[in-house]
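Notes to accompany the following structure.
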Amino acid sequence: MPEYKVNGNIVNFKNVRLSIITDRLIRFEYSKDKKFVDDQSLMVVNRNYHECEFNVEVRDKFIYISTAYLVVECNGEEFSSFGLSVQLKHSLKSTLCLWRYGDKVDNLGGTARTLDTINGECELEDGIFSKSGYAIIDDSFSMLLNENFVKSREKGKKDLYFFGYGIDFVQGLKDYYYISGKTPMIPRYALGNWWSRYYKYTSENYLSLMDEFKINDIPLSVSVIDMDWHLVDIDPKLGTGWTGYTWNKEFFPNPKEFLEDLHKRGLKVTLNDHPADGIRAYEDNYNRLAESMGIDPKTSQTILFDASNIDFLNKFQDNILEPLERDGIDFWWIDWQQGSASKVEGLDPLIALNLTRFNSSRNKGVRPLIFSRYSGPGSHRLPLGFSGDTVISWESLAFQPKFTACASNIGYGWWSHDIGGHMHGYKDNELEIRWYQVGVFSPINRLHSSNSLFTSKEPWRYERETNRIMSEFLRLRHKLIPYLYTMNYLSYKKDIPLVRPMYYYNGNDERSFEVETQYYFGSSMIVAPIVSKSIPNLLMSKVKVYLPKGNYYDFFNSRLYRGDRVINMFRTLDELPILIREGEIIPLTNEGRAEKNPDELILNIYMGVNGRFNLYEDDNISDSYKDNICCRTLFENNWDKKEFVINKVIGDLSLIPKERSYRLVFVGIENSIVSVTNDKNNIKYCGYYDENKKELIVLLNNISTCDRICINFNSDISLSTRDLNNDLFELLDQVEIEIDLKDLIYKTITTTTIENAICGLISLDLDKNLFECICELLLAN
């Protein structure tokens, strides 16, 4: 009988080591010489596992390991279909759920390195979930981490991870972070609007552009300066102008002053870096780097970029990048596009760049941040991602929401896309509006475009209505920052990425897998992006929306929808379906500065059931959040008690204003008399009722953050009902159909019950989209 050894969670059997990480996550290693890997890899940084219950026995030359969820069968030899298998005890299907080594898995997808030049969809790398209930991630070829840098693995060995979480996506992702490390918080400023364009700006016209955004009341938080910040017109004998580290003084006569002027405008700055061509003799700090590398500067020898040489990378950081950073560069845009090969087999230069730049950023006493392409599993520890240069098309827009949501399946939560598309394609104002809307409800909202004269993304370059809608959505992004920053914290603390597919919480419902562009946006919002053109005559676009169980308010029109169904929703250009479950609370602000904790908060409170929101705030820029230096404000929507409570702030009160003003928007109720009290006294307030939106607004000024505030409603408070006739009139008034047909539709609906109205509409043999659009209104409440 073959022997096996058990040491904690690890079982050794012949030439195989099995690590029972959790009762649903197993590591399989094969090594002919029985030497296994205990070093950290790029994907896995935790090798110390909590105790896990399992049983072991050997029968017929096989070892069997059984947990609460899995049964592993292994012969201890080189992995094969007959020698390694896992059976799930709780199958998602009526048939046996069994994986054998080498089986193809219907993976739900993870993410990809880049969307460069993609027009539409691209293939995704594997994530940790599949519709079969299990997935396998092969970590056999990733680099290993050591104290200095990275090292290669020995060849001929296997290192696999089996994830058997069925539809428990939340726990599966949490356990993935358990072995691969947490997603760090990103700085608050990164959640605002970014301006980026590949264009030959000067300091004068760039600052003028930033001022024009301010004049148009469009907030920005990050300035992205593309490659023309440095010298690009160089002697071809020295290479291309893509790489550079010397400011173009013709365009930027005083770089330090330019950067200071951007900072004074409340903007953080990132510079583009294509490092592939190395450091040439004309660069300002060439002599410093050459001498540190033992090269005689008089030779003018190009110092080649070498991703495999940690000594070079460190000296490159110290002598080339840091002098630029001291002038006011906040973080770097690492624009590596030259493939995945280096002098060391298996070492992707992108990995080397992301690791060293992020670690260097960490050493500056601020929250580390880079902006670079995805470099494989484990990249979530090095935020944030640049998805590359996409083609301007509806096909590209339609893929981005799915791409962003699926990335959560490999723990990658902070993608930044070229909002509006980067290059080629075509001009389509409606496409740009819909893309801006997706950007606002994306992890990062970064406008970007090529150097074509006709692709720039300033809203005022579009016709008036397009400009208005674009501008409103850019303002909305900054209004959302209190909500987004709390989600930023939950991504770190609770291992919940901001954007997640709909099946994460509805895996038992096949319909949740069918809406690939729809996603959860934080804990309280569902986003259904519109990624197709408007329907002629209706002047609206259609999107299929899956509503889980419950009732949901629309963020823009406050309409209430019953859940547990799929419905086609129709929206004009200035709206898209953003669904919020009743009971939820959404914190907003009208203050445009992304980097500060606001003096005024807007709370949208969606009435009907109890709910709560715990607002998180800290210093927005340091790593002190890891030491729990922060403050939290708990808001409670106590529908059963007919009250709303703003609790005392808990934590370090020096981080937020001593007093705050509140605009409380109670959505979905009839007008009601309220009283407002703190712990001791009644508080004066202003209030009014919006009959059209069915919202009660309560305004509170200069409220101490040390007080507990309670808003009490009359006991007869009730949920509102929509004026269907008014909604129907507004719809029919705008659609471009025959006037007589409008009259007939209106009469058919307003003179009978909803059931009879639908029957009457069917008899009219209406256009399918018009019929569905009207039914959305009829069946909303």
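Following the order of the structure tokens, first chain is A, next is B, and so on, with residues numbered from 1 inside each chain and ligands from 1 in the order they appear.
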* To do: DSSP on the backbone, then: every residue of region 237-415 of chain A marked alpha helix (DSSP H), written as an NGL selection string.
  => :A and (255-264 or 286-292 or 310-316 or 322-326 or 349-362 or 394-406)
* Asked: Hey, what's within 8 Å of Lys549 (chain A) if we count only C-alpha atoms and toss same-chain stuff fewer than 4 positions away? As a PyMOL selection string, please?
  -> chain A and resi 562-565
Write to file, as an mmCIF file, in the first residue's frame, the residues of the selection just made, with all heavy atoms.
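Saved result, selection06.cif, follows:
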data_model
loop_
_atom_site.group_PDB
_atom_site.id
_atom_site.type_symbol
_atom_site.label_atom_id
_atom_site.label_comp_id
_atom_site.auth_asym_id
_atom_site.auth_seq_id
_atom_site.Cartn_x
_atom_site.Cartn_y
_atom_site.Cartn_z
ATOM 1 N N ARG A 562 -41.270 45.878 -10.409
ATOM 2 C CA ARG A 562 -41.304 44.591 -9.723
ATOM 3 C C ARG A 562 -40.215 43.696 -10.299
ATOM 4 O O ARG A 562 -39.988 43.657 -11.506
ATOM 5 C CB ARG A 562 -42.687 43.948 -9.922
ATOM 6 C CG ARG A 562 -42.791 42.513 -9.437
ATOM 7 C CD ARG A 562 -44.181 41.960 -9.730
ATOM 8 N NE ARG A 562 -44.584 42.167 -11.109
ATOM 9 C CZ ARG A 562 -44.196 41.372 -12.122
ATOM 10 N NH1 ARG A 562 -43.372 40.360 -11.898
ATOM 11 N NH2 ARG A 562 -44.644 41.616 -13.338
ATOM 12 N N GLY A 563 -39.542 42.947 -9.419
ATOM 13 C CA GLY A 563 -38.439 42.116 -9.854
ATOM 14 C C GLY A 563 -38.849 40.704 -10.212
ATOM 15 O O GLY A 563 -40.020 40.408 -10.464
ATOM 16 N N ASP A 564 -37.854 39.825 -10.299
ATOM 17 C CA ASP A 564 -38.014 38.422 -10.676
ATOM 18 C C ASP A 564 -38.579 38.294 -12.090
ATOM 19 O O ASP A 564 -39.502 37.525 -12.354
ATOM 20 C CB ASP A 564 -38.904 37.685 -9.673
ATOM 21 C CG ASP A 564 -38.783 36.171 -9.817
ATOM 22 O OD1 ASP A 564 -37.787 35.705 -10.421
ATOM 23 O OD2 ASP A 564 -39.673 35.454 -9.335
ATOM 24 N N ARG A 565 -37.991 39.037 -13.019
ATOM 25 C CA ARG A 565 -38.437 38.973 -14.415
ATOM 26 C C ARG A 565 -37.387 39.606 -15.316
ATOM 27 O O ARG A 565 -36.454 40.277 -14.867
ATOM 28 C CB ARG A 565 -39.772 39.690 -14.603
ATOM 29 C CG ARG A 565 -39.753 41.159 -14.195
ATOM 30 C CD ARG A 565 -41.075 41.839 -14.509
ATOM 31 N NE ARG A 565 -41.161 43.168 -13.945
ATOM 32 C CZ ARG A 565 -41.901 44.155 -14.460
ATOM 33 N NH1 ARG A 565 -42.605 43.953 -15.553
ATOM 34 N NH2 ARG A 565 -41.948 45.333 -13.871
#
* **Contacts of Val735 (chain A) within 10 Å, only C-alpha atoms, excl. fewer than 3 positions in-chain, as a list in words** =>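 Near neighbours after the sequence-gap exclusion: Pro536, Asn537, Leu538, Leu539, Met540, Glu730, Leu731, Leu732, Glu738, Ile739, Lys742 and Leu770 of chain A.
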Selection from above, N, CA and C atoms, as an mmCIF file, in the first residue's frame, can you write it?
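Below you can see result.cif, which holds the result:
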data_model
loop_
_atom_site.group_PDB
_atom_site.id
_atom_site.type_symbol
_atom_site.label_atom_id
_atom_site.label_comp_id
_atom_site.auth_asym_id
_atom_site.auth_seq_id
_atom_site.Cartn_x
_atom_site.Cartn_y
_atom_site.Cartn_z
ATOM 1 N N PRO A 536 -35.730 54.184 -34.613
ATOM 2 C CA PRO A 536 -36.386 55.280 -35.346
ATOM 3 C C PRO A 536 -37.853 55.401 -34.933
ATOM 4 N N ASN A 537 -38.339 56.590 -34.941
ATOM 5 C CA ASN A 537 -39.719 56.946 -34.558
ATOM 6 C C ASN A 537 -39.925 56.959 -33.046
ATOM 7 N N LEU A 538 -39.366 55.963 -32.324
ATOM 8 C CA LEU A 538 -39.499 55.978 -30.870
ATOM 9 C C LEU A 538 -38.565 56.996 -30.233
ATOM 10 N N LEU A 539 -37.434 57.251 -30.876
ATOM 11 C CA LEU A 539 -36.408 58.160 -30.357
ATOM 12 C C LEU A 539 -35.864 57.669 -29.016
ATOM 13 N N MET A 540 -35.886 56.358 -28.843
ATOM 14 C CA MET A 540 -35.368 55.720 -27.639
ATOM 15 C C MET A 540 -34.609 54.460 -28.030
ATOM 16 N N GLU A 730 -46.565 61.651 -21.861
ATOM 17 C CA GLU A 730 -45.210 62.093 -22.179
ATOM 18 C C GLU A 730 -44.560 61.186 -23.217
ATOM 19 N N LEU A 731 -44.836 59.892 -23.134
ATOM 20 C CA LEU A 731 -44.288 58.970 -24.122
ATOM 21 C C LEU A 731 -44.892 59.221 -25.498
ATOM 22 N N LEU A 732 -46.220 59.218 -25.571
ATOM 23 C CA LEU A 732 -46.891 59.365 -26.866
ATOM 24 C C LEU A 732 -46.651 60.740 -27.478
ATOM 25 N N GLU A 738 -48.429 58.300 -36.264
ATOM 26 C CA GLU A 738 -49.616 59.030 -36.683
ATOM 27 C C GLU A 738 -50.370 59.587 -35.469
ATOM 28 N N ILE A 739 -50.881 60.803 -35.603
ATOM 29 C CA ILE A 739 -51.603 61.454 -34.514
ATOM 30 C C ILE A 739 -52.849 60.652 -34.142
ATOM 31 N N LYS A 742 -51.953 57.838 -31.972
ATOM 32 C CA LYS A 742 -51.666 58.290 -30.603
ATOM 33 C C LYS A 742 -52.966 58.429 -29.806
ATOM 34 N N LEU A 770 -42.904 49.636 -30.116
ATOM 35 C CA LEU A 770 -43.842 50.575 -29.496
ATOM 36 C C LEU A 770 -44.705 49.851 -28.473
#
* Considering only C-alpha atoms, return as a list in words whatever protein or nucleic-acid residues lie within 9 Å of region 336-342 of chain A, sequence-local ones (same chain, fewer than 5 positions apart) excluded. => Asp273, His274, Pro275, Ala276, Asp306, Ala307, Ser308, Leu347, Asp348, Pro349, Leu350, Ile351, Leu353, Ser372 and Arg373 of chain A
* Quick one: DSSP strand (DSSP E) residues in region 85-170 of chain A, as an NGL selection string? -> :A and (85-88 or 98-100 or 135-138 or 144-145 or 150-151 or 158-163)
* If we count only C-alpha atoms, what is near region 236-240 of chain A at a cut-off of 10 Å, once residues fewer than 3 positions away on the same chain are taken out, given as a PyMOL selection string? -> chain A and resi 232-233+243-244+276-282+301-302
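Using only C-alpha atoms, the smallest distance between any of A:Arg265, A:Leu42, A:Ser675, A:Arg660 and Ser152 (chain A) comes from A:Leu42.
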* To do: Considering only C-alpha atoms, return as an NGL selection string whatever protein or nucleic-acid residues lie within 10 Å of region 354-363 of chain A, sequence-local ones (same chain, fewer than 2 positions apart) excluded.
  => :A and (42 or 149-150 or 307 or 310 or 313-314 or 317-318 or 321-322 or 330-332 or 334 or 336 or 349-352 or 365-375 or 379 or 381-384 or 622-623)
Taking a cut-off of 8 Å and counting only C-alpha atoms, can you build a table that, for each residue of region 312-372 of chain A near region 247-263 of chain A, reports the nearest atom pair and how far apart they are in Å (one decimal), sorted by chain then residue number, as CSV?
residue,atom,partner,partner_atom,distance
A:Asp327,CA,A:Lys256,CA,5.1
A:Gly328,CA,A:Leu259,CA,5.7
A:Ile329,CA,A:Leu259,CA,7.5
* To do: Please measure the separation of CA of Asn193 (chain A) and CA of Ser408 (chain A), giving the value in Å to one decimal.
  => 22.3 Å
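Note that the spacing between CA of Asp284 (chain A) and CA of His230 (chain A) amounts to 10.9 Å.
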* To do: Within 12 Å of Ser624 (chain A), counting only C-alpha atoms, which residues show up once you throw out same-chain ones fewer than 6 positions away? Write them as a PyMOL selection string, please.
  => chain A and resi 184-185+187+365-367+617-618+630-631+652+655
Would you output that residue set with all heavy atoms, as a PDB file, in the first residue's frame?
ATOM      1  N   PRO A 184      -5.633  46.492  -3.055  1.00  0.00           N
ATOM      2  CA  PRO A 184      -5.458  47.703  -2.239  1.00  0.00           C
ATOM      3  C   PRO A 184      -6.436  48.798  -2.653  1.00  0.00           C
ATOM      4  O   PRO A 184      -6.940  48.805  -3.783  1.00  0.00           O
ATOM      5  CB  PRO A 184      -4.010  48.111  -2.529  1.00  0.00           C
ATOM      6  CG  PRO A 184      -3.692  47.509  -3.845  1.00  0.00           C
ATOM      7  CD  PRO A 184      -4.503  46.248  -3.959  1.00  0.00           C
ATOM      8  N   MET A 185      -6.706  49.705  -1.744  1.00  0.00           N
ATOM      9  CA  MET A 185      -7.524  50.865  -2.095  1.00  0.00           C
ATOM     10  C   MET A 185      -6.753  51.767  -3.046  1.00  0.00           C
ATOM     11  O   MET A 185      -5.527  51.905  -2.942  1.00  0.00           O
ATOM     12  CB  MET A 185      -7.910  51.653  -0.842  1.00  0.00           C
ATOM     13  CG  MET A 185      -8.932  50.961   0.033  1.00  0.00           C
ATOM     14  SD  MET A 185      -9.508  52.029   1.404  1.00  0.00           S
ATOM     15  CE  MET A 185     -10.485  53.248   0.493  1.00  0.00           C
ATOM     16  N   PRO A 187      -6.347  55.772  -4.603  1.00  0.00           N
ATOM     17  CA  PRO A 187      -6.599  57.129  -4.080  1.00  0.00           C
ATOM     18  C   PRO A 187      -7.966  57.649  -4.528  1.00  0.00           C
ATOM     19  O   PRO A 187      -8.459  57.298  -5.603  1.00  0.00           O
ATOM     20  CB  PRO A 187      -5.463  57.957  -4.700  1.00  0.00           C
ATOM     21  CG  PRO A 187      -4.429  56.976  -5.121  1.00  0.00           C
ATOM     22  CD  PRO A 187      -5.159  55.716  -5.464  1.00  0.00           C
ATOM     23  N   GLY A 365       5.338  57.130   0.528  1.00  0.00           N
ATOM     24  CA  GLY A 365       4.506  57.598   1.632  1.00  0.00           C
ATOM     25  C   GLY A 365       3.085  57.904   1.237  1.00  0.00           C
ATOM     26  O   GLY A 365       2.311  58.440   2.040  1.00  0.00           O
ATOM     27  N   VAL A 366       2.702  57.593  -0.005  1.00  0.00           N
ATOM     28  CA  VAL A 366       1.324  57.777  -0.448  1.00  0.00           C
ATOM     29  C   VAL A 366       0.805  56.433  -0.941  1.00  0.00           C
ATOM     30  O   VAL A 366       1.572  55.482  -1.122  1.00  0.00           O
ATOM     31  CB  VAL A 366       1.202  58.830  -1.568  1.00  0.00           C
ATOM     32  CG1 VAL A 366       1.595  60.194  -1.060  1.00  0.00           C
ATOM     33  CG2 VAL A 366       2.053  58.436  -2.777  1.00  0.00           C
ATOM     34  N   ARG A 367      -0.485  56.375  -1.156  1.00  0.00           N
ATOM     35  CA  ARG A 367      -1.100  55.148  -1.643  1.00  0.00           C
ATOM     36  C   ARG A 367      -0.560  54.843  -3.035  1.00  0.00           C
ATOM     37  O   ARG A 367      -0.690  55.656  -3.946  1.00  0.00           O
ATOM     38  CB  ARG A 367      -2.611  55.334  -1.669  1.00  0.00           C
ATOM     39  CG  ARG A 367      -3.424  54.061  -1.623  1.00  0.00           C
ATOM     40  CD  ARG A 367      -4.896  54.394  -1.415  1.00  0.00           C
ATOM     41  NE  ARG A 367      -5.166  55.015  -0.124  1.00  0.00           N
ATOM     42  CZ  ARG A 367      -6.351  55.475   0.248  1.00  0.00           C
ATOM     43  NH1 ARG A 367      -7.366  55.394  -0.581  1.00  0.00           N
ATOM     44  NH2 ARG A 367      -6.519  56.013   1.444  1.00  0.00           N
ATOM     45  N   GLU A 617     -14.954  56.959   5.066  1.00  0.00           N
ATOM     46  CA  GLU A 617     -14.082  58.079   4.697  1.00  0.00           C
ATOM     47  C   GLU A 617     -12.741  57.933   5.409  1.00  0.00           C
ATOM     48  O   GLU A 617     -12.665  57.408   6.530  1.00  0.00           O
ATOM     49  CB  GLU A 617     -14.732  59.413   5.062  1.00  0.00           C
ATOM     50  CG  GLU A 617     -16.009  59.688   4.283  1.00  0.00           C
ATOM     51  CD  GLU A 617     -16.763  60.900   4.815  1.00  0.00           C
ATOM     52  OE1 GLU A 617     -17.336  60.791   5.905  1.00  0.00           O
ATOM     53  OE2 GLU A 617     -16.759  61.935   4.127  1.00  0.00           O
ATOM     54  N   ASP A 618     -11.678  58.392   4.759  1.00  0.00           N
ATOM     55  CA  ASP A 618     -10.352  58.420   5.384  1.00  0.00           C
ATOM     56  C   ASP A 618      -9.593  59.612   4.824  1.00  0.00           C
ATOM     57  O   ASP A 618     -10.214  60.562   4.331  1.00  0.00           O
ATOM     58  CB  ASP A 618      -9.620  57.085   5.188  1.00  0.00           C
ATOM     59  CG  ASP A 618      -9.429  56.711   3.721  1.00  0.00           C
ATOM     60  OD1 ASP A 618      -9.435  57.611   2.865  1.00  0.00           O
ATOM     61  OD2 ASP A 618      -9.267  55.502   3.422  1.00  0.00           O
ATOM     62  N   CYS A 630      -9.820  55.832  10.009  1.00  0.00           N
ATOM     63  CA  CYS A 630     -10.893  56.223   9.109  1.00  0.00           C
ATOM     64  C   CYS A 630     -12.072  56.695   9.947  1.00  0.00           C
ATOM     65  O   CYS A 630     -11.991  56.759  11.171  1.00  0.00           O
ATOM     66  CB  CYS A 630     -11.314  55.035   8.241  1.00  0.00           C
ATOM     67  SG  CYS A 630     -11.943  53.650   9.212  1.00  0.00           S
ATOM     68  N   CYS A 631     -13.156  57.016   9.309  1.00  0.00           N
ATOM     69  CA  CYS A 631     -14.401  57.264  10.025  1.00  0.00           C
ATOM     70  C   CYS A 631     -15.565  56.731   9.192  1.00  0.00           C
ATOM     71  O   CYS A 631     -15.491  56.657   7.967  1.00  0.00           O
ATOM     72  CB  CYS A 631     -14.589  58.739  10.377  1.00  0.00           C
ATOM     73  SG  CYS A 631     -14.424  59.886   9.031  1.00  0.00           S
ATOM     74  N   ASP A 652     -11.967  58.572  13.432  1.00  0.00           N
ATOM     75  CA  ASP A 652     -11.107  59.751  13.522  1.00  0.00           C
ATOM     76  C   ASP A 652     -11.833  60.948  12.902  1.00  0.00           C
ATOM     77  O   ASP A 652     -11.825  61.132  11.681  1.00  0.00           O
ATOM     78  CB  ASP A 652      -9.788  59.476  12.800  1.00  0.00           C
ATOM     79  CG  ASP A 652      -8.785  60.609  12.967  1.00  0.00           C
ATOM     80  OD1 ASP A 652      -9.162  61.689  13.469  1.00  0.00           O
ATOM     81  OD2 ASP A 652      -7.616  60.406  12.583  1.00  0.00           O
ATOM     82  N   LEU A 655     -10.709  63.696  10.128  1.00  0.00           N
ATOM     83  CA  LEU A 655     -10.666  63.409   8.690  1.00  0.00           C
ATOM     84  C   LEU A 655     -11.800  64.061   7.921  1.00  0.00           C
ATOM     85  O   LEU A 655     -11.741  64.137   6.687  1.00  0.00           O
ATOM     86  CB  LEU A 655     -10.700  61.896   8.467  1.00  0.00           C
ATOM     87  CG  LEU A 655      -9.523  61.097   9.022  1.00  0.00           C
ATOM     88  CD1 LEU A 655      -9.829  59.609   8.979  1.00  0.00           C
ATOM     89  CD2 LEU A 655      -8.253  61.404   8.237  1.00  0.00           C
TER      90      LEU A 655
END
* Which one is closest to Arg500 (chain A): A:Gly346, A:Pro2, A:Gly83, A:Gly110? Count only C-alpha atoms. -> A:Gly110
* Structure fact -> Between A:Ser393, A:Asn75, A:Thr111, A:Thr572, smallest distance to Ser541 (chain A) by only C-alpha atoms belongs to A:Thr572
* Asked: For Ser449 (chain A), which residue out of A:Ile63, A:Ala398, A:Met470, A:Ile419 is the nearest one, using only C-alpha atoms?
  -> A:Ile419
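Taking CA of Gly420 (chain A) and CA of Glu432 (chain A) as the two end points, the separation is 5.4 Å.
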* For Lys493 (chain A), the nearest of the candidates A:Gly181, A:Asp138, A:Tyr436, A:Thr404, counting only C-alpha atoms ->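 Closest to Lys493 (chain A) of all the choices is A:Gly181.
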